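Trainee: Sending over a structure as structure tokens; questions will come in a sec.
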Amino acid sequence: MAERATPTVMVVDDHPIWRDAVARDLADDGFTVVATADGVASARRRAAVVQPDVVVMDMRLTDGDGALATAEVLAVSPGSRILVLSASDERGDVLEAVKAGATGYLVKSASKAELGDAVRATAEGRAVFTPGLAGLVLGEYRRIARAPGAGPDTARLTERETEVLRQVAKGLSAKQIAARLSLSHRTVENHVQATFRKLQLANRVELTRYAIEHGLDE
């Protein structure tokens, strides 16, 4: 199948002014915005029809939250990738979004250029996170790896993946990590993507509860 020249995007947000502004900014940046939605049910319905490459997802919606909407969208459009764009950087929100299948997570303080870059990276399957947020999942992964009874099916990070996530957890950008570890920017993002794919094999744990109790972002 021929690769699309321009990623198609659906914007999901319960605030009409913000939703329209994000859609307009993305269209101005060259993306094809194929749909917008304000809640879980509408996001599911529209994703089933338009099958967007990327869904820019808020965490606070009219009839639920972004984690539920992420799972619902992926159920009807499994080829879509979810980029959360939220005002919240709460531990529970980040972990729930990743657990539901989000590829990346940005806070709404991101600039227009940063959002455009993040949508492009997400469309290519690369994980994008506001600096520091990946540390939440790194901490949870370490707990899983040490847990009694962890079997051979437990996801295992390579040394390089672990080192990259350590740097992300310190708040370094992908470009800064690439320079520090003598890697390419793309290689760093690929390591992060691979790590989060592995972590999604561990849905049995109560990610949110553990993260809040243990302050994994500190």
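Residue numbering restarts at 1 for every chain of the structure tokens, chains are lettered A, B, ... in their displayed order, and ligands are numbered from 1 as they appear.
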Write out as an MDAnalysis selection string the residues lying within 12 Å of A:Gly104, counting only C-alpha atoms and excluding same-chain residues fewer than 2 positions away.

Mentor: chainID A and resid 54:58 70 81:86 94:102 106:107 115 118:131 133:134 137 189 192:193 196:197

Trainee: Could you save the residues just selected, with N, CA and C atoms, as a CSV table (one decimal), in the first residue's frame?

Mentor:
chain,number,residue,atom,x,y,z
A,54,VAL,N,-3.0,9.6,13.0
A,54,VAL,CA,-2.7,10.0,14.4
A,54,VAL,C,-3.9,10.6,15.0
A,55,VAL,N,-4.1,10.4,16.3
A,55,VAL,CA,-5.2,11.0,17.1
A,55,VAL,C,-4.5,11.8,18.1
A,56,VAL,N,-4.8,13.2,18.1
A,56,VAL,CA,-4.3,14.0,19.2
A,56,VAL,C,-5.4,14.1,20.3
A,57,MET,N,-5.1,13.5,21.4
A,57,MET,CA,-6.1,13.2,22.4
A,57,MET,C,-5.9,14.0,23.7
A,58,ASP,N,-7.0,14.6,24.2
A,58,ASP,CA,-7.0,15.2,25.5
A,58,ASP,C,-7.3,14.2,26.5
A,70,THR,N,-8.7,6.4,24.2
A,70,THR,CA,-7.5,5.8,23.5
A,70,THR,C,-7.8,4.3,23.3
A,81,ARG,N,-2.3,5.9,15.7
A,81,ARG,CA,-1.4,6.1,16.9
A,81,ARG,C,-1.9,7.2,17.7
A,82,ILE,N,-1.8,7.2,19.0
A,82,ILE,CA,-2.4,8.2,19.8
A,82,ILE,C,-1.3,9.0,20.5
A,83,LEU,N,-1.4,10.3,20.3
A,83,LEU,CA,-0.6,11.3,20.9
A,83,LEU,C,-1.4,12.1,21.9
A,84,VAL,N,-1.2,11.9,23.2
A,84,VAL,CA,-2.0,12.7,24.2
A,84,VAL,C,-1.4,14.1,24.2
A,85,LEU,N,-2.3,15.1,24.2
A,85,LEU,CA,-2.0,16.5,24.4
A,85,LEU,C,-2.9,17.0,25.5
A,86,SER,N,-2.4,17.2,26.7
A,86,SER,CA,-3.2,17.4,27.9
A,86,SER,C,-2.6,18.5,28.7
A,94,VAL,N,-0.6,10.1,33.0
A,94,VAL,CA,0.4,9.6,32.1
A,94,VAL,C,0.5,8.1,32.0
A,95,LEU,N,0.4,7.5,33.2
A,95,LEU,CA,0.5,6.0,33.2
A,95,LEU,C,-0.7,5.4,32.6
A,96,GLU,N,-1.9,5.9,32.9
A,96,GLU,CA,-3.1,5.4,32.3
A,96,GLU,C,-3.1,5.5,30.8
A,97,ALA,N,-2.6,6.6,30.3
A,97,ALA,CA,-2.6,6.8,28.9
A,97,ALA,C,-1.7,5.8,28.2
A,98,VAL,N,-0.5,5.6,28.7
A,98,VAL,CA,0.4,4.6,28.2
A,98,VAL,C,-0.1,3.2,28.3
A,99,LYS,N,-0.7,2.9,29.4
A,99,LYS,CA,-1.3,1.6,29.6
A,99,LYS,C,-2.4,1.3,28.6
A,100,ALA,N,-3.2,2.4,28.2
A,100,ALA,CA,-4.3,2.2,27.3
A,100,ALA,C,-3.8,2.1,25.8
A,101,GLY,N,-2.5,2.5,25.6
A,101,GLY,CA,-1.9,2.3,24.3
A,101,GLY,C,-1.4,3.6,23.6
A,102,ALA,N,-1.4,4.7,24.3
A,102,ALA,CA,-0.9,5.9,23.8
A,102,ALA,C,0.6,5.8,23.4
A,106,LEU,N,2.2,14.7,25.5
A,106,LEU,CA,2.7,16.1,25.6
A,106,LEU,C,1.8,16.9,26.5
A,107,VAL,N,2.4,17.9,27.2
A,107,VAL,CA,1.5,18.8,27.9
A,107,VAL,C,1.2,20.0,27.0
A,115,LEU,N,4.3,20.6,18.7
A,115,LEU,CA,3.2,19.8,18.4
A,115,LEU,C,3.3,19.2,17.0
A,118,ALA,N,5.9,16.5,17.0
A,118,ALA,CA,5.4,15.4,17.7
A,118,ALA,C,4.4,14.5,16.9
A,119,VAL,N,3.5,15.2,16.2
A,119,VAL,CA,2.6,14.5,15.4
A,119,VAL,C,3.3,13.8,14.2
A,120,ARG,N,4.3,14.4,13.6
A,120,ARG,CA,5.1,13.7,12.6
A,120,ARG,C,5.8,12.5,13.1
A,121,ALA,N,6.4,12.6,14.3
A,121,ALA,CA,7.1,11.5,14.9
A,121,ALA,C,6.1,10.4,15.3
A,122,THR,N,5.0,10.8,15.8
A,122,THR,CA,4.0,9.8,16.2
A,122,THR,C,3.5,9.0,14.9
A,123,ALA,N,3.3,9.7,13.8
A,123,ALA,CA,2.8,9.1,12.6
A,123,ALA,C,3.8,8.1,12.1
A,124,GLU,N,5.1,8.3,12.4
A,124,GLU,CA,6.2,7.4,12.0
A,124,GLU,C,6.4,6.2,13.0
A,125,GLY,N,5.6,6.3,14.1
A,125,GLY,CA,5.7,5.2,15.1
A,125,GLY,C,6.7,5.5,16.2
A,126,ARG,N,7.2,6.7,16.3
A,126,ARG,CA,8.2,7.1,17.3
A,126,ARG,C,7.5,7.6,18.5
A,127,ALA,N,8.0,7.3,19.7
A,127,ALA,CA,7.4,7.7,20.9
A,127,ALA,C,7.9,9.1,21.3
A,128,VAL,N,7.0,10.0,21.7
A,128,VAL,CA,7.3,11.4,22.0
A,128,VAL,C,6.7,11.7,23.4
A,129,PHE,N,7.6,12.2,24.3
A,129,PHE,CA,7.1,12.5,25.6
A,129,PHE,C,7.7,13.8,26.1
A,130,THR,N,6.9,14.6,26.7
A,130,THR,CA,7.4,15.8,27.4
A,130,THR,C,8.5,15.3,28.3
A,131,PRO,N,9.7,16.0,28.3
A,131,PRO,CA,10.8,15.5,29.1
A,131,PRO,C,10.5,15.2,30.5
A,133,LEU,N,8.6,12.7,31.7
A,133,LEU,CA,7.4,11.8,31.9
A,133,LEU,C,7.7,10.4,31.6
A,134,ALA,N,8.7,10.1,30.8
A,134,ALA,CA,9.0,8.7,30.5
A,134,ALA,C,9.6,8.0,31.8
A,137,VAL,N,7.3,5.6,33.7
A,137,VAL,CA,7.1,4.2,33.2
A,137,VAL,C,8.4,3.4,33.4
A,189,GLU,N,14.9,8.0,19.7
A,189,GLU,CA,13.5,7.9,19.7
A,189,GLU,C,13.0,6.4,19.4
A,192,VAL,N,13.2,4.6,22.7
A,192,VAL,CA,12.1,4.9,23.6
A,192,VAL,C,10.8,4.2,23.1
A,193,GLN,N,10.6,4.2,21.8
A,193,GLN,CA,9.5,3.5,21.2
A,193,GLN,C,9.5,2.0,21.5
A,196,PHE,N,8.6,1.3,25.2
A,196,PHE,CA,7.2,1.4,25.6
A,196,PHE,C,6.3,0.3,25.0
A,197,ARG,N,6.8,-0.2,23.9
A,197,ARG,CA,6.1,-1.4,23.3
A,197,ARG,C,6.2,-2.6,24.3

Trainee: Tell me, as a JSON list (two decimals) with C-alpha atoms, in the first residue's frame, which residues lie within 6 Å of A:Thr36, counting only C-alpha atoms; anything in the same chain fewer than 5 positions away does not count.

Mentor:
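Output file around36.json follows:
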[["chain", "number", "residue", "atom", "x", "y", "z"],
["A", 10, "MET", "CA", -8.18, 13.52, 14.31],
["A", 11, "VAL", "CA", -8.31, 15.96, 17.22],
["A", 12, "VAL", "CA", -10.20, 14.94, 20.36]]

Trainee: Which of stretch 1-189 of chain A counts as strand (DSSP E) under DSSP, as a list in words please?

Mentor: Thr8, Val9, Met10, Val11, Val12, Thr32, Val33, Val34, Ala35, Thr36, Ala37, Val54, Val55, Val56, Met57, Arg60, Leu61, Gly64, Asp65, Arg81, Ile82, Leu83, Val84, Leu85, Ser86, Gly104, Tyr105, Leu106 and Val107 of chain A

Trainee: Store the residues picked out above, limited to C-alpha atoms, as a PDB file, in the first residue's frame.

Mentor:
ATOM      1  CA  THR A   8      -4.227  12.236   8.583  1.00  0.00           C
ATOM      2  CA  VAL A   9      -5.130  13.533  12.034  1.00  0.00           C
ATOM      3  CA  MET A  10      -8.175  13.516  14.308  1.00  0.00           C
ATOM      4  CA  VAL A  11      -8.308  15.961  17.223  1.00  0.00           C
ATOM      5  CA  VAL A  12     -10.202  14.940  20.365  1.00  0.00           C
ATOM      6  CA  THR A  32      -4.837  16.609   6.834  1.00  0.00           C
ATOM      7  CA  VAL A  33      -7.318  16.965   9.702  1.00  0.00           C
ATOM      8  CA  VAL A  34     -10.037  14.439   8.890  1.00  0.00           C
ATOM      9  CA  ALA A  35     -12.207  14.705  12.011  1.00  0.00           C
ATOM     10  CA  THR A  36     -12.652  16.238  15.449  1.00  0.00           C
ATOM     11  CA  ALA A  37     -14.490  14.887  18.484  1.00  0.00           C
ATOM     12  CA  VAL A  54      -2.685  10.039  14.385  1.00  0.00           C
ATOM     13  CA  VAL A  55      -5.195  11.008  17.066  1.00  0.00           C
ATOM     14  CA  VAL A  56      -4.310  14.049  19.182  1.00  0.00           C
ATOM     15  CA  MET A  57      -6.086  13.182  22.421  1.00  0.00           C
ATOM     16  CA  ARG A  60     -10.470  15.345  30.000  1.00  0.00           C
ATOM     17  CA  LEU A  61     -13.484  14.621  27.809  1.00  0.00           C
ATOM     18  CA  GLY A  64     -14.954   9.970  30.131  1.00  0.00           C
ATOM     19  CA  ASP A  65     -11.214  10.347  29.944  1.00  0.00           C
ATOM     20  CA  ARG A  81      -1.421   6.064  16.852  1.00  0.00           C
ATOM     21  CA  ILE A  82      -2.402   8.172  19.844  1.00  0.00           C
ATOM     22  CA  LEU A  83      -0.580  11.309  20.938  1.00  0.00           C
ATOM     23  CA  VAL A  84      -1.975  12.707  24.183  1.00  0.00           C
ATOM     24  CA  LEU A  85      -2.010  16.510  24.407  1.00  0.00           C
ATOM     25  CA  SER A  86      -3.207  17.425  27.868  1.00  0.00           C
ATOM     26  CA  GLY A 104       3.301   9.647  23.355  1.00  0.00           C
ATOM     27  CA  TYR A 105       2.276  12.330  25.829  1.00  0.00           C
ATOM     28  CA  LEU A 106       2.720  16.104  25.576  1.00  0.00           C
ATOM     29  CA  VAL A 107       1.518  18.808  27.924  1.00  0.00           C
TER      30      VAL A 107
END

Trainee: Mind checking DSSP for stretch 37-99 of chain A and telling me the alpha helix (DSSP H) residues as a ChimeraX atom specification?

Mentor: /A:40-50,66-76,91-99

Trainee: Could you work out how far atom CA of A:Asp53 lies from atom CA of A:Ser80, giving the answer in Å with one decimal?

Mentor: 4.8 Å

Trainee: For stretch 74-79 of chain A, find every residue with an atom within 6 Å (counting only C-alpha atoms), except residues of its own chain fewer than 3 positions away, and show them as a list in words.

Mentor: Ala48, Gln51 and Ala71 of chain A

Trainee: Output N, CA and C atoms of each residue in that selection to a file, as a compact mmCIF listing (two decimals), in the first residue's frame.

Mentor:
# COMPACT_ATOMS: atom_id res chain seq x y z
N ALA A 48 -13.69 5.08 13.65
CA ALA A 48 -14.08 3.89 12.90
C ALA A 48 -14.30 4.22 11.43
N GLN A 51 -10.43 6.35 10.18
CA GLN A 51 -9.18 5.60 10.36
C GLN A 51 -7.95 6.54 10.30
N ALA A 71 -8.27 3.62 24.28
CA ALA A 71 -8.59 2.19 24.12
C ALA A 71 -9.73 2.00 23.13

Trainee: So which one's closest to A:Gly116, A:Trp18, A:Asp13, A:Leu68, A:Gly30? Using only C-alpha atoms, please.

Mentor: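 Closest residue, counting only C-alpha atoms: A:Gly30.
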